[in-house]
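J.: My structure is stored as upload.txt, with compact mmCIF, C-alpha atoms.
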# COMPACT_ATOMS: atom_id res chain seq x y z
CA MET T 1 -20.97 -52.15 -8.91
CA ALA T 2 -23.16 -49.07 -9.09
CA PRO T 3 -26.57 -49.06 -7.41
CA ILE T 4 -27.73 -46.76 -10.22
CA LYS T 5 -28.66 -48.51 -13.45
CA VAL T 6 -30.12 -47.03 -16.61
CA HIS T 7 -31.74 -49.45 -19.03
CA GLY T 8 -31.66 -47.93 -22.49
CA ILE T 9 -29.48 -47.06 -25.47
CA PRO T 10 -27.21 -44.07 -26.25
CA LEU T 11 -29.18 -43.15 -29.42
CA SER T 12 -32.46 -42.69 -27.53
CA THR T 13 -33.28 -39.07 -26.67
CA ALA T 14 -35.14 -40.07 -23.52
CA THR T 15 -32.19 -42.20 -22.35
CA GLN T 16 -29.82 -39.32 -23.11
CA ARG T 17 -31.90 -37.00 -20.94
CA VAL T 18 -31.26 -39.27 -17.94
CA LEU T 19 -27.58 -39.84 -18.76
CA ALA T 20 -26.97 -36.09 -19.07
CA THR T 21 -28.42 -35.60 -15.59
CA LEU T 22 -26.28 -38.36 -14.10
CA TYR T 23 -23.12 -36.86 -15.63
CA GLU T 24 -24.06 -33.35 -14.44
CA LYS T 25 -24.42 -34.79 -10.94
CA GLU T 26 -21.11 -36.71 -11.26
CA LEU T 27 -22.78 -39.98 -10.28
CA GLU T 28 -21.55 -43.49 -10.99
CA PHE T 29 -23.98 -45.59 -12.99
CA GLU T 30 -24.25 -48.59 -15.25
CA LEU T 31 -25.88 -48.29 -18.69
CA VAL T 32 -27.61 -51.62 -19.32
CA PRO T 33 -28.20 -51.97 -23.06
CA VAL T 34 -31.69 -52.94 -24.27
CA ASP T 35 -31.91 -54.81 -27.57
CA MET T 36 -34.62 -52.72 -29.26
CA LYS T 37 -34.29 -54.56 -32.55
CA ALA T 38 -35.11 -57.84 -30.83
CA GLY T 39 -38.05 -56.18 -29.07
CA GLU T 40 -36.50 -56.70 -25.65
CA HIS T 41 -38.33 -53.64 -24.33
CA LYS T 42 -41.73 -55.17 -25.11
CA LYS T 43 -41.10 -58.39 -23.19
CA GLU T 44 -40.34 -59.52 -19.68
CA PRO T 45 -38.20 -58.91 -17.74
CA PHE T 46 -38.07 -55.36 -19.12
CA LEU T 47 -41.84 -54.88 -18.72
CA SER T 48 -41.45 -55.26 -14.95
CA LEU T 49 -39.23 -52.19 -15.11
CA ASN T 50 -41.52 -50.22 -17.43
CA PRO T 51 -44.92 -51.77 -18.12
CA PHE T 52 -45.37 -49.36 -21.06
CA GLY T 53 -42.48 -51.07 -22.84
CA GLN T 54 -40.43 -47.90 -23.37
CA ILE T 55 -36.86 -46.90 -22.62
CA PRO T 56 -35.35 -45.74 -20.37
CA ALA T 57 -36.01 -47.56 -17.15
CA PHE T 58 -34.01 -46.65 -14.05
CA GLU T 59 -32.95 -48.30 -10.82
CA ASP T 60 -31.38 -46.73 -7.75
CA GLY T 61 -30.99 -49.51 -5.22
CA ASP T 62 -34.54 -50.71 -4.58
CA LEU T 63 -36.23 -47.77 -6.28
CA LYS T 64 -37.39 -48.44 -9.83
CA LEU T 65 -38.63 -45.62 -12.05
CA PHE T 66 -39.53 -44.92 -15.63
CA GLU T 67 -40.45 -41.74 -17.64
CA SER T 68 -37.23 -39.78 -18.28
CA ARG T 69 -38.50 -36.48 -16.86
CA ALA T 70 -39.58 -38.11 -13.59
CA ILE T 71 -36.16 -39.78 -13.37
CA THR T 72 -34.21 -36.57 -13.98
CA LYS T 73 -36.24 -34.79 -11.30
CA TYR T 74 -35.60 -37.58 -8.81
CA ILE T 75 -31.85 -37.46 -9.50
CA ALA T 76 -31.77 -33.66 -9.24
CA HIS T 77 -33.48 -33.75 -5.85
CA GLN T 78 -32.01 -36.91 -4.33
CA TYR T 79 -28.48 -35.79 -5.17
CA ALA T 80 -29.11 -32.07 -4.69
CA ASP T 81 -25.75 -31.53 -3.02
CA LYS T 82 -23.68 -33.26 -5.70
CA GLY T 83 -22.41 -31.81 -8.96
CA THR T 84 -24.39 -29.10 -10.78
CA ASP T 85 -27.42 -27.62 -9.01
CA LEU T 86 -30.20 -28.36 -11.50
CA ALA T 87 -33.18 -27.30 -9.41
CA CYS T 88 -32.09 -23.99 -7.94
CA GLY T 89 -34.17 -21.57 -5.97
CA ASP T 90 -37.17 -21.31 -3.68
CA THR T 91 -40.66 -22.70 -4.33
CA LYS T 92 -41.55 -19.86 -6.72
CA GLN T 93 -38.33 -20.23 -8.70
CA LYS T 94 -38.88 -23.99 -8.85
CA ALA T 95 -42.39 -23.30 -10.17
CA ILE T 96 -40.97 -21.20 -12.98
CA ILE T 97 -38.56 -24.03 -13.80
CA GLY T 98 -41.62 -26.32 -13.68
CA VAL T 99 -43.35 -24.22 -16.35
CA ALA T 100 -40.31 -24.40 -18.65
CA ILE T 101 -40.14 -28.17 -18.10
CA GLU T 102 -43.78 -28.54 -19.13
CA VAL T 103 -43.23 -26.28 -22.15
CA GLU T 104 -40.36 -28.53 -23.29
CA ALA T 105 -42.53 -31.62 -22.83
CA HIS T 106 -45.75 -30.34 -24.42
CA GLN T 107 -44.93 -27.47 -26.77
CA TYR T 108 -41.43 -28.25 -27.97
CA ASP T 109 -40.67 -31.96 -27.73
CA PRO T 110 -43.53 -33.41 -29.83
CA ILE T 111 -42.36 -31.25 -32.75
CA ALA T 112 -38.61 -31.59 -32.13
CA SER T 113 -38.89 -35.37 -31.72
CA LYS T 114 -40.73 -35.75 -35.01
CA LEU T 115 -38.12 -33.62 -36.78
CA SER T 116 -35.23 -35.47 -35.12
CA TRP T 117 -36.75 -38.76 -36.21
CA GLU T 118 -37.26 -37.61 -39.82
CA LEU T 119 -34.01 -35.72 -40.32
CA ALA T 120 -31.47 -37.38 -38.03
CA LEU T 121 -32.57 -40.91 -37.20
CA LYS T 122 -34.44 -42.24 -40.25
CA PRO T 123 -31.31 -41.87 -42.42
CA VAL T 124 -29.34 -43.86 -39.83
CA PHE T 125 -31.87 -46.69 -40.14
CA GLY T 126 -31.94 -46.49 -43.93
CA MET T 127 -35.48 -45.10 -44.04
CA VAL T 128 -36.86 -42.32 -46.24
CA THR T 129 -37.47 -38.85 -44.78
CA ASP T 130 -41.04 -37.60 -45.21
CA LYS T 131 -40.61 -34.08 -46.61
CA ALA T 132 -44.21 -33.05 -45.88
CA VAL T 133 -43.80 -33.92 -42.20
CA VAL T 134 -40.50 -32.02 -42.12
CA GLU T 135 -42.03 -28.91 -43.68
CA GLU T 136 -45.03 -28.95 -41.36
CA ASN T 137 -42.94 -29.42 -38.23
CA GLU T 138 -40.25 -26.91 -39.18
CA ALA T 139 -43.01 -24.30 -39.45
CA LYS T 140 -44.30 -25.26 -35.99
CA LEU T 141 -40.82 -25.30 -34.48
CA ALA T 142 -40.17 -21.82 -35.87
CA LYS T 143 -43.13 -20.48 -33.87
CA VAL T 144 -42.00 -22.17 -30.67
CA LEU T 145 -38.44 -20.94 -31.12
CA ASP T 146 -39.74 -17.39 -31.61
CA ILE T 147 -41.16 -17.62 -28.09
CA TYR T 148 -37.88 -19.05 -26.81
CA GLU T 149 -36.02 -16.19 -28.54
CA SER T 150 -38.06 -13.60 -26.59
CA ARG T 151 -37.52 -15.52 -23.38
CA LEU T 152 -33.77 -15.84 -23.86
CA ALA T 153 -33.44 -12.13 -24.46
CA HIS T 154 -34.11 -11.74 -20.70
CA SER T 155 -31.81 -14.40 -19.24
CA LYS T 156 -28.94 -16.61 -20.29
CA TYR T 157 -30.96 -19.82 -19.78
CA LEU T 158 -34.65 -20.52 -20.05
CA THR T 159 -35.67 -19.68 -16.50
CA CYS T 160 -32.82 -17.57 -15.09
CA ASP T 161 -29.10 -17.13 -15.43
CA CYS T 162 -28.34 -20.68 -14.34
CA PHE T 163 -28.58 -23.93 -16.25
CA THR T 164 -31.40 -26.07 -14.88
CA LEU T 165 -33.28 -29.26 -15.74
CA ALA T 166 -35.50 -27.14 -18.02
CA ASP T 167 -32.53 -26.44 -20.31
CA LEU T 168 -31.12 -29.98 -19.92
CA HIS T 169 -34.32 -31.66 -21.11
CA HIS T 170 -33.86 -29.99 -24.50
CA LEU T 171 -30.33 -31.30 -25.09
CA PRO T 172 -31.04 -34.55 -26.92
CA THR T 173 -33.27 -33.07 -29.62
CA VAL T 174 -31.34 -29.78 -29.89
CA GLN T 175 -28.19 -31.82 -30.54
CA TYR T 176 -29.89 -33.92 -33.22
CA LEU T 177 -31.47 -30.92 -34.93
CA LEU T 178 -28.24 -28.90 -35.01
CA GLY T 179 -26.81 -31.69 -37.16
CA THR T 180 -29.58 -31.38 -39.78
CA GLU T 181 -31.16 -28.78 -42.09
CA ALA T 182 -33.28 -27.66 -39.12
CA LYS T 183 -30.14 -25.96 -37.77
CA LYS T 184 -31.19 -22.91 -39.77
CA LEU T 185 -34.11 -22.37 -37.36
CA PHE T 186 -31.63 -22.01 -34.50
CA ASP T 187 -29.01 -20.00 -36.43
CA SER T 188 -31.53 -17.33 -37.45
CA ARG T 189 -32.40 -16.61 -33.81
CA PRO T 190 -29.34 -15.15 -32.04
CA HIS T 191 -30.37 -15.82 -28.43
CA VAL T 192 -31.61 -19.35 -29.18
CA SER T 193 -28.45 -19.99 -31.18
CA ALA T 194 -26.19 -18.83 -28.33
CA TRP T 195 -28.17 -20.89 -25.81
CA ALA T 196 -28.05 -24.02 -27.97
CA ALA T 197 -24.29 -23.63 -28.51
CA ASP T 198 -23.74 -23.11 -24.79
CA ILE T 199 -25.75 -26.08 -23.52
CA THR T 200 -24.41 -28.54 -26.09
CA ALA T 201 -20.84 -27.61 -25.16
CA ARG T 202 -21.27 -28.61 -21.52
CA PRO T 203 -18.73 -31.27 -20.43
CA ALA T 204 -21.46 -33.55 -19.03
CA TRP T 205 -23.29 -33.48 -22.38
CA CYS T 206 -20.07 -34.19 -24.26
CA LYS T 207 -19.74 -37.36 -22.16
CA VAL T 208 -23.22 -38.46 -23.32
CA LEU T 209 -22.19 -37.86 -26.93
CA ALA T 210 -19.00 -39.88 -26.41
CA LEU T 211 -21.14 -42.90 -25.49
CA GLN T 212 -22.70 -42.85 -28.96
CA LYS T 213 -19.35 -43.40 -30.54
CA HIS T 214 -19.01 -46.90 -29.10
CA MET P 1 -54.82 -13.14 -2.02
CA VAL P 2 -57.14 -14.80 -4.50
CA VAL P 3 -55.54 -16.75 -7.34
CA LYS P 4 -56.76 -15.65 -10.77
CA VAL P 5 -57.23 -18.57 -13.13
CA TYR P 6 -57.63 -17.56 -16.76
CA GLY P 7 -59.73 -19.93 -18.81
CA THR P 8 -63.11 -21.61 -18.75
CA VAL P 9 -64.50 -23.97 -16.17
CA ARG P 10 -65.28 -26.52 -18.91
CA SER P 11 -61.72 -26.79 -20.22
CA ALA P 12 -59.98 -30.02 -19.14
CA CYS P 13 -56.65 -28.32 -18.45
CA VAL P 14 -58.32 -25.57 -16.42
CA GLN P 15 -60.21 -28.25 -14.46
CA ARG P 16 -56.89 -29.90 -13.60
CA VAL P 17 -55.82 -26.67 -11.90
CA LEU P 18 -59.17 -25.96 -10.22
CA ALA P 19 -59.37 -29.52 -8.84
CA CYS P 20 -55.99 -29.00 -7.16
CA LEU P 21 -56.93 -25.56 -5.79
CA LEU P 22 -60.17 -26.99 -4.39
CA GLU P 23 -58.33 -29.94 -2.79
CA LYS P 24 -55.98 -27.44 -1.13
CA GLU P 25 -58.83 -25.03 -0.27
CA VAL P 26 -57.11 -22.16 -2.07
CA ASP P 27 -59.44 -19.32 -3.05
CA PHE P 28 -59.60 -18.57 -6.74
CA ASP P 29 -61.43 -16.51 -9.33
CA VAL P 30 -61.96 -17.85 -12.80
CA VAL P 31 -61.34 -15.05 -15.29
CA HIS P 32 -63.31 -16.11 -18.33
CA VAL P 33 -61.43 -16.37 -21.63
CA ASP P 34 -63.66 -16.56 -24.70
CA LEU P 35 -62.08 -19.53 -26.47
CA GLU P 36 -64.63 -19.63 -29.26
CA ALA P 37 -63.86 -16.01 -30.13
CA GLY P 38 -60.14 -16.83 -30.06
CA GLU P 39 -59.43 -14.52 -27.13
CA GLN P 40 -56.54 -16.76 -26.10
CA LYS P 41 -54.66 -15.91 -29.31
CA ARG P 42 -54.89 -12.15 -28.87
CA PRO P 43 -51.80 -10.10 -27.88
CA GLU P 44 -53.18 -9.18 -24.42
CA PHE P 45 -53.55 -12.85 -23.55
CA LEU P 46 -50.26 -13.93 -25.14
CA VAL P 47 -48.49 -11.80 -22.52
CA LEU P 48 -49.83 -14.25 -19.92
CA GLN P 49 -49.42 -17.42 -21.97
CA PRO P 50 -47.27 -17.03 -25.10
CA PHE P 51 -48.49 -20.30 -26.62
CA GLY P 52 -52.07 -18.99 -26.64
CA GLN P 53 -53.59 -21.70 -24.43
CA VAL P 54 -55.53 -21.90 -21.18
CA PRO P 55 -55.04 -22.03 -18.25
CA ALA P 56 -52.73 -19.31 -17.03
CA ILE P 57 -52.68 -18.10 -13.44
CA GLU P 58 -51.78 -14.91 -11.62
CA ASP P 59 -51.01 -15.09 -7.92
CA GLY P 60 -49.81 -11.70 -6.77
CA TYR P 61 -46.87 -11.01 -9.05
CA LEU P 62 -46.29 -14.71 -9.86
CA LYS P 63 -47.55 -15.74 -13.28
CA LEU P 64 -47.56 -19.39 -14.34
CA TYR P 65 -48.97 -21.54 -17.11
CA GLU P 66 -48.99 -25.25 -18.08
CA SER P 67 -51.57 -26.93 -15.85
CA ARG P 68 -49.21 -29.62 -14.53
CA ALA P 69 -46.62 -27.01 -13.48
CA ILE P 70 -49.34 -25.02 -11.73
CA ILE P 71 -50.66 -27.97 -9.74
CA LYS P 72 -47.14 -28.94 -8.69
CA TYR P 73 -46.51 -25.42 -7.42
CA TYR P 74 -49.68 -25.29 -5.34
CA ALA P 75 -49.22 -28.81 -4.02
CA ALA P 76 -45.74 -27.76 -2.83
CA LYS P 77 -46.71 -24.29 -1.61
CA TYR P 78 -49.53 -25.65 0.53
CA ALA P 79 -47.89 -28.96 1.37
CA ASP P 80 -48.98 -28.61 5.00
CA HIS P 81 -52.58 -27.67 4.25
CA GLY P 82 -55.19 -30.14 3.10
CA PRO P 83 -54.31 -33.55 1.62
CA ASN P 84 -50.65 -34.23 0.76
CA LEU P 85 -50.77 -34.52 -3.02
CA LEU P 86 -47.04 -34.88 -3.58
CA GLY P 87 -45.94 -37.89 -1.56
CA SER P 88 -43.86 -37.79 1.61
CA SER P 89 -40.42 -39.22 0.89
CA LEU P 90 -38.30 -38.41 -2.16
CA GLU P 91 -39.03 -41.90 -3.45
CA GLU P 92 -42.80 -41.38 -3.12
CA ARG P 93 -42.49 -38.02 -4.87
CA ALA P 94 -40.58 -39.72 -7.68
CA LEU P 95 -43.43 -42.20 -8.15
CA VAL P 96 -45.97 -39.34 -8.21
CA ASP P 97 -43.82 -37.64 -10.88
CA GLN P 98 -43.57 -40.88 -12.81
CA TRP P 99 -47.33 -41.36 -13.02
CA LEU P 100 -47.85 -37.67 -13.81
CA GLU P 101 -45.51 -38.21 -16.75
CA VAL P 102 -47.48 -41.33 -17.73
CA GLU P 103 -50.69 -39.27 -17.73
CA ALA P 104 -49.04 -36.57 -19.81
CA HIS P 105 -47.28 -38.80 -22.33
CA ASN P 106 -49.11 -42.14 -22.50
CA PHE P 107 -52.69 -41.22 -21.64
CA ASN P 108 -53.49 -37.58 -22.41
CA ASP P 109 -52.76 -37.45 -26.14
CA LEU P 110 -54.93 -40.48 -26.81
CA VAL P 111 -57.89 -39.11 -24.85
CA TYR P 112 -57.44 -35.65 -26.36
CA THR P 113 -57.43 -37.03 -29.91
CA LEU P 114 -60.45 -39.24 -29.21
CA VAL P 115 -62.47 -36.37 -27.78
CA LEU P 116 -61.37 -34.05 -30.61
CA GLN P 117 -62.43 -36.48 -33.33
CA LEU P 118 -65.61 -37.82 -31.72
CA VAL P 119 -66.98 -34.78 -29.90
CA ILE P 120 -65.38 -31.43 -30.66
CA LEU P 121 -65.04 -31.53 -34.44
CA PRO P 122 -68.63 -32.77 -34.94
CA ARG P 123 -69.82 -29.99 -32.61
CA MET P 124 -68.11 -27.53 -34.91
CA GLY P 125 -69.88 -29.11 -37.88
CA LYS P 126 -66.73 -30.83 -39.15
CA PRO P 127 -66.26 -34.55 -39.76
CA GLY P 128 -64.20 -36.47 -37.22
CA ASP P 129 -61.59 -39.00 -38.33
CA LEU P 130 -63.20 -42.22 -37.16
CA ALA P 131 -60.27 -44.40 -38.16
CA LEU P 132 -57.94 -42.23 -36.07
CA ALA P 133 -60.40 -42.34 -33.16
CA HIS P 134 -60.57 -46.12 -33.39
CA SER P 135 -56.79 -46.41 -33.44
CA CYS P 136 -56.57 -44.20 -30.33
CA GLU P 137 -59.21 -46.29 -28.63
CA GLN P 138 -57.20 -49.46 -29.21
CA LYS P 139 -54.03 -47.85 -27.88
CA LEU P 140 -55.93 -46.56 -24.88
CA GLU P 141 -57.14 -50.10 -24.14
CA THR P 142 -53.50 -51.23 -23.94
CA VAL P 143 -52.58 -48.30 -21.70
CA LEU P 144 -55.53 -48.94 -19.38
CA ASP P 145 -54.51 -52.60 -19.15
CA VAL P 146 -51.26 -51.33 -17.61
CA TYR P 147 -53.24 -49.16 -15.21
CA GLU P 148 -55.40 -52.15 -14.30
CA GLN P 149 -52.31 -54.12 -13.39
CA ARG P 150 -50.81 -51.22 -11.45
CA LEU P 151 -54.03 -50.64 -9.50
CA SER P 152 -54.16 -54.29 -8.49
CA LYS P 153 -51.01 -53.56 -6.45
CA SER P 154 -51.93 -50.21 -4.93
CA SER P 155 -55.06 -48.17 -4.27
CA TYR P 156 -53.79 -45.18 -6.21
CA LEU P 157 -51.34 -44.82 -9.07
CA ALA P 158 -48.32 -43.74 -7.06
CA GLY P 159 -49.07 -45.67 -3.88
CA GLU P 160 -51.60 -45.89 -1.10
CA THR P 161 -52.65 -42.23 -1.03
CA PHE P 162 -54.39 -39.95 -3.55
CA SER P 163 -51.87 -37.71 -5.28
CA LEU P 164 -51.46 -35.26 -8.16
CA ALA P 165 -50.93 -38.28 -10.42
CA ASP P 166 -54.53 -39.44 -9.84
CA LEU P 167 -55.92 -35.89 -9.84
CA SER P 168 -54.36 -35.15 -13.20
CA HIS P 169 -56.50 -37.87 -14.83
CA LEU P 170 -59.86 -36.61 -13.56
CA PRO P 171 -60.79 -34.17 -16.36
CA GLY P 172 -59.73 -36.49 -19.21
CA ILE P 173 -61.53 -39.55 -17.85
CA ARG P 174 -64.68 -37.49 -17.29
CA TYR P 175 -64.64 -36.38 -20.93
CA LEU P 176 -64.00 -39.93 -22.04
CA MET P 177 -66.93 -41.29 -20.06
CA ASN P 178 -69.44 -38.51 -20.62
CA GLU P 179 -69.02 -36.67 -23.90
CA ALA P 180 -67.09 -39.40 -25.77
CA LYS P 181 -69.31 -42.12 -24.29
CA MET P 182 -66.45 -44.56 -23.82
CA GLY P 183 -67.14 -45.34 -20.20
CA ASN P 184 -66.77 -49.03 -20.95
CA LEU P 185 -62.98 -48.56 -21.13
CA VAL P 186 -63.13 -47.79 -17.41
CA THR P 187 -66.09 -49.89 -16.23
CA GLU P 188 -64.79 -53.08 -17.88
CA ARG P 189 -61.64 -52.92 -15.74
CA LYS P 190 -62.34 -53.80 -12.12
CA ASN P 191 -59.43 -51.94 -10.50
CA VAL P 192 -59.53 -48.94 -12.84
CA ASN P 193 -63.29 -48.68 -12.22
CA ALA P 194 -62.89 -48.82 -8.44
CA TRP P 195 -60.17 -46.19 -8.64
CA TRP P 196 -62.32 -43.93 -10.83
CA GLU P 197 -65.31 -44.31 -8.47
CA ASP P 198 -63.08 -43.32 -5.57
CA ILE P 199 -61.34 -40.32 -7.09
CA SER P 200 -64.42 -38.92 -8.83
CA ASN P 201 -66.33 -38.98 -5.55
CA ARG P 202 -63.88 -36.75 -3.75
CA PRO P 203 -65.67 -33.64 -2.40
CA ALA P 204 -63.30 -31.27 -4.24
CA TRP P 205 -64.03 -32.91 -7.60
CA LYS P 206 -67.77 -32.95 -6.95
CA LYS P 207 -67.63 -29.25 -6.09
CA LEU P 208 -65.85 -28.58 -9.37
CA MET P 209 -68.49 -30.57 -11.28
CA GLN P 210 -71.14 -28.31 -9.75
CA LEU P 211 -69.20 -25.18 -10.72
CA ALA P 212 -68.81 -26.52 -14.25
CA GLY P 213 -72.51 -27.37 -14.50
CA HIS P 214 -71.81 -31.01 -15.38
What does this structure look like when you write it as C-alpha cells?
T.:
Amino acid sequence: MAPIKVHGIPLSTATQRVLATLYEKELEFELVPVDMKAGEHKKEPFLSLNPFGQIPAFEDGDLKLFESRAITKYIAHQYADKGTDLACGDTKQKAIIGVAIEVEAHQYDPIASKLSWELALKPVFGMVTDKAVVEENEAKLAKVLDIYESRLAHSKYLTCDCFTLADLHHLPTVQYLLGTEAKKLFDSRPHVSAWAADITARPAWCKVLALQKH
Amino acid sequence: MVVKVYGTVRSACVQRVLACLLEKEVDFDVVHVDLEAGEQKRPEFLVLQPFGQVPAIEDGYLKLYESRAIIKYYAAKYADHGPNLLGSSLEERALVDQWLEVEAHNFNDLVYTLVLQLVILPRMGKPGDLALAHSCEQKLETVLDVYEQRLSKSSYLAGETFSLADLSHLPGIRYLMNEAKMGNLVTERKNVNAWWEDISNRPAWKKLMQLAGH
C-alpha cells in the first residue's frame, strides 16, 4: 500500500507529467482513476483534493497537493536522492531551470495543449478537428520551436547537458504531437527533433505510455 | 551589485518582480523598455528575452526572464534576508508552489483577458470583446469562490505566512480593482477582501505603488 497516490487518468497530459516524475524517481505509487465522463472531478470527494475540479490530485501520506508542476517539483526535491536527479545544480542553475519551466508553462504549453487536443485527442473522442485553430497554433508553435532550436544548439537538453524537470514537463504534449501532422514542426528542426526523440525514448516515459495501453 | 530589471514600472509582470525585490530589500534599477514603440521585439532585446516580453533581469552575468522564475530565484538566494517568501519545510514550499501554479493557470489568464478587453484595447482605440470579458468575469467568480474557501482556513494562500503565492497576485488584483473597476469581485468576499487589504498594505507593495505613480 503506497503512501503516494495520484488521482487522474493515463490520457491526461497533466497526470502524465506527474507519473513521468514518479517513474524517473523509481517511486512506488497508486494511480487512482477518476471517472471524468461521470464528472467525478467536479464533485466531492474529489473537490477536497483539488477545489478547482481538475486532475491530477496527489497525496503523499498526509500531504495533499494539486497543480502538476507543483507536484513534480515537490517529488524532485523530496526524493532528491532517489532515481534521476531532476533538479541539478546550485541556486543559479536551478534558476535557469526555473526559467525553462516557466517557458514551458506559459509560452509552449498553451499552444501545444490546444494542438494536442485538436489533433490527437478530439479524434479519440469522435469529435471534429478545427482546422483554423490547428493552422493558427501550428504557426505559433513554429515560432516557439525556433527559439528552442537556438537553445538546443548550445546544450543537449533545455538548460544544460542533463535532463531536468524542464525537459520532462514537455513530454506529454511532445509525445502527442509527434503522433500527428504537427510532427513536421519537430522534424524540420534538427536539434529539437533530436531532443524530442531522446526524451520520449526514456525508460521512465515508456512506462507512462504503457499505462495508456490498459 | 544592482539588479537591472528591463521593463516598465507599470507592467504587471515587472511589478511581480519589483515587489519581490522590494520585500527582500534588493537594490535594483529599472531599465526602461519602450513597449509602445515595440522595443521589446527588437533584436537587441530578444537577446535578453527571446519571446519579446518584459521583464528580463541582469544580475552580474546571470540573465533570467519569466517573472515567476525570477521571484523564485531571489526568494531562494536571499532566503535568510527579509521575510521568508518560500515556506520553511518541503511541504510548505510545495504548497507555495501549488498556489503559485494556481495564480499562473487558474487566475492570471482570466484577469489578463478581462483587462485586455475592458481597458487596454479601448485605450488603443479598438473595441473590446464584451462577451469574452463577461465570460471571464463569471469564471473568475468561480475561481475566487475557491479562494474564499481556502482563506477561511488560513490567513494566506499557502498557510499562515505571506509567501510568493500571495505576492504573485498583487499586480493582477490591483489592475482588476483599479483600471478594470471590478473591485466588487474582491470586496464581496469577506476572506478574499481581508487578505487583499492585508497584502496590499505591505510596505514593499506601497513603495512600489509610489514608484509606479499609482
J.: Counting only C-alpha atoms, which residues of chain T come no farther than 6 Å from chain P, as a ChimeraX atom specification?
T.: /T:67,70,74,95,98-99
J.: Would you mind exporting the chosen residues as a PDB file, in the frame of the given file, restricted to C-alpha atoms?
T.:
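Writing the result to part.pdb gives the following:
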ATOM      1  CA  GLU T  67     -40.450 -41.740 -17.640  1.00  0.00           C
ATOM      2  CA  ALA T  70     -39.580 -38.110 -13.590  1.00  0.00           C
ATOM      3  CA  TYR T  74     -35.600 -37.580  -8.810  1.00  0.00           C
ATOM      4  CA  ALA T  95     -42.390 -23.300 -10.170  1.00  0.00           C
ATOM      5  CA  GLY T  98     -41.620 -26.320 -13.680  1.00  0.00           C
ATOM      6  CA  VAL T  99     -43.350 -24.220 -16.350  1.00  0.00           C
TER       7      VAL T  99
END
J.: Using all atoms listed in the file, which residues sit within 6 Å of region 2-18 of chain P once same-chain residues fewer than 6 positions away are excluded, as number ranges by chain?
T.: P: 27-33, 54-59, 67, 71, 168, 171, 212
J.: Quick one, how far is CA of Ile71 (chain T) from CA of Glu28 (chain T)?
T.: 15.3 Å
J.: With all atoms listed in the file as the counted atoms, please give the residues lying no more than 12 Å from Asn193 (chain P), apart from itself and same-chain residues fewer than 5 positions off, as number ranges by chain.
T.: P: 144-145, 147-148, 151-152, 155-156, 173, 177, 183-188, 198-200
J.: Would you work out the distance separating CA of Glu160 (chain P) from CA of His7 (chain T), expressed in Å to one decimal?
T.: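 Atom-to-atom, CA of Glu160 (chain P) to CA of His7 (chain T), that is 27.0 Å.
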J.: Kindly add N, CA, C and O atoms to the incomplete region 200-210 of chain P and provide the output as an mmCIF file, in the frame of the given file.
T.:
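So the final result, stored in rebuild-v2.cif, reads:
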data_model
loop_
_atom_site.group_PDB
_atom_site.id
_atom_site.type_symbol
_atom_site.label_atom_id
_atom_site.label_comp_id
_atom_site.auth_asym_id
_atom_site.auth_seq_id
_atom_site.Cartn_x
_atom_site.Cartn_y
_atom_site.Cartn_z
ATOM 1 N N SER P 200 -63.401 -39.832 -8.322
ATOM 2 C CA SER P 200 -64.420 -38.920 -8.830
ATOM 3 C C SER P 200 -65.483 -38.607 -7.777
ATOM 4 O O SER P 200 -66.351 -37.767 -7.999
ATOM 5 N N ASN P 201 -65.411 -39.294 -6.634
ATOM 6 C CA ASN P 201 -66.330 -38.980 -5.550
ATOM 7 C C ASN P 201 -65.715 -38.108 -4.474
ATOM 8 O O ASN P 201 -66.333 -37.844 -3.453
ATOM 9 N N ARG P 202 -64.510 -37.644 -4.715
ATOM 10 C CA ARG P 202 -63.880 -36.750 -3.750
ATOM 11 C C ARG P 202 -64.673 -35.430 -3.708
ATOM 12 O O ARG P 202 -65.075 -34.912 -4.752
ATOM 13 N N PRO P 203 -64.879 -34.871 -2.518
ATOM 14 C CA PRO P 203 -65.670 -33.640 -2.400
ATOM 15 C C PRO P 203 -65.164 -32.509 -3.310
ATOM 16 O O PRO P 203 -65.967 -31.812 -3.929
ATOM 17 N N ALA P 204 -63.841 -32.353 -3.418
ATOM 18 C CA ALA P 204 -63.300 -31.270 -4.240
ATOM 19 C C ALA P 204 -63.719 -31.432 -5.696
ATOM 20 O O ALA P 204 -64.102 -30.468 -6.362
ATOM 21 N N TRP P 205 -63.656 -32.674 -6.201
ATOM 22 C CA TRP P 205 -64.030 -32.910 -7.600
ATOM 23 C C TRP P 205 -65.528 -32.688 -7.786
ATOM 24 O O TRP P 205 -65.966 -32.089 -8.779
ATOM 25 N N LYS P 206 -66.321 -33.126 -6.825
ATOM 26 C CA LYS P 206 -67.770 -32.950 -6.950
ATOM 27 C C LYS P 206 -68.131 -31.469 -6.933
ATOM 28 O O LYS P 206 -69.028 -31.022 -7.650
ATOM 29 N N LYS P 207 -67.394 -30.698 -6.140
ATOM 30 C CA LYS P 207 -67.630 -29.250 -6.090
ATOM 31 C C LYS P 207 -67.327 -28.640 -7.454
ATOM 32 O O LYS P 207 -68.065 -27.776 -7.957
ATOM 33 N N LEU P 208 -66.222 -29.108 -8.059
ATOM 34 C CA LEU P 208 -65.850 -28.580 -9.370
ATOM 35 C C LEU P 208 -66.909 -28.936 -10.418
ATOM 36 O O LEU P 208 -67.250 -28.111 -11.269
ATOM 37 N N MET P 209 -67.451 -30.155 -10.324
ATOM 38 C CA MET P 209 -68.490 -30.570 -11.280
ATOM 39 C C MET P 209 -69.711 -29.663 -11.184
ATOM 40 O O MET P 209 -70.326 -29.328 -12.179
ATOM 41 N N GLN P 210 -70.015 -29.243 -9.926
ATOM 42 C CA GLN P 210 -71.140 -28.310 -9.750
ATOM 43 C C GLN P 210 -70.830 -26.974 -10.406
ATOM 44 O O GLN P 210 -71.646 -26.419 -11.129
#
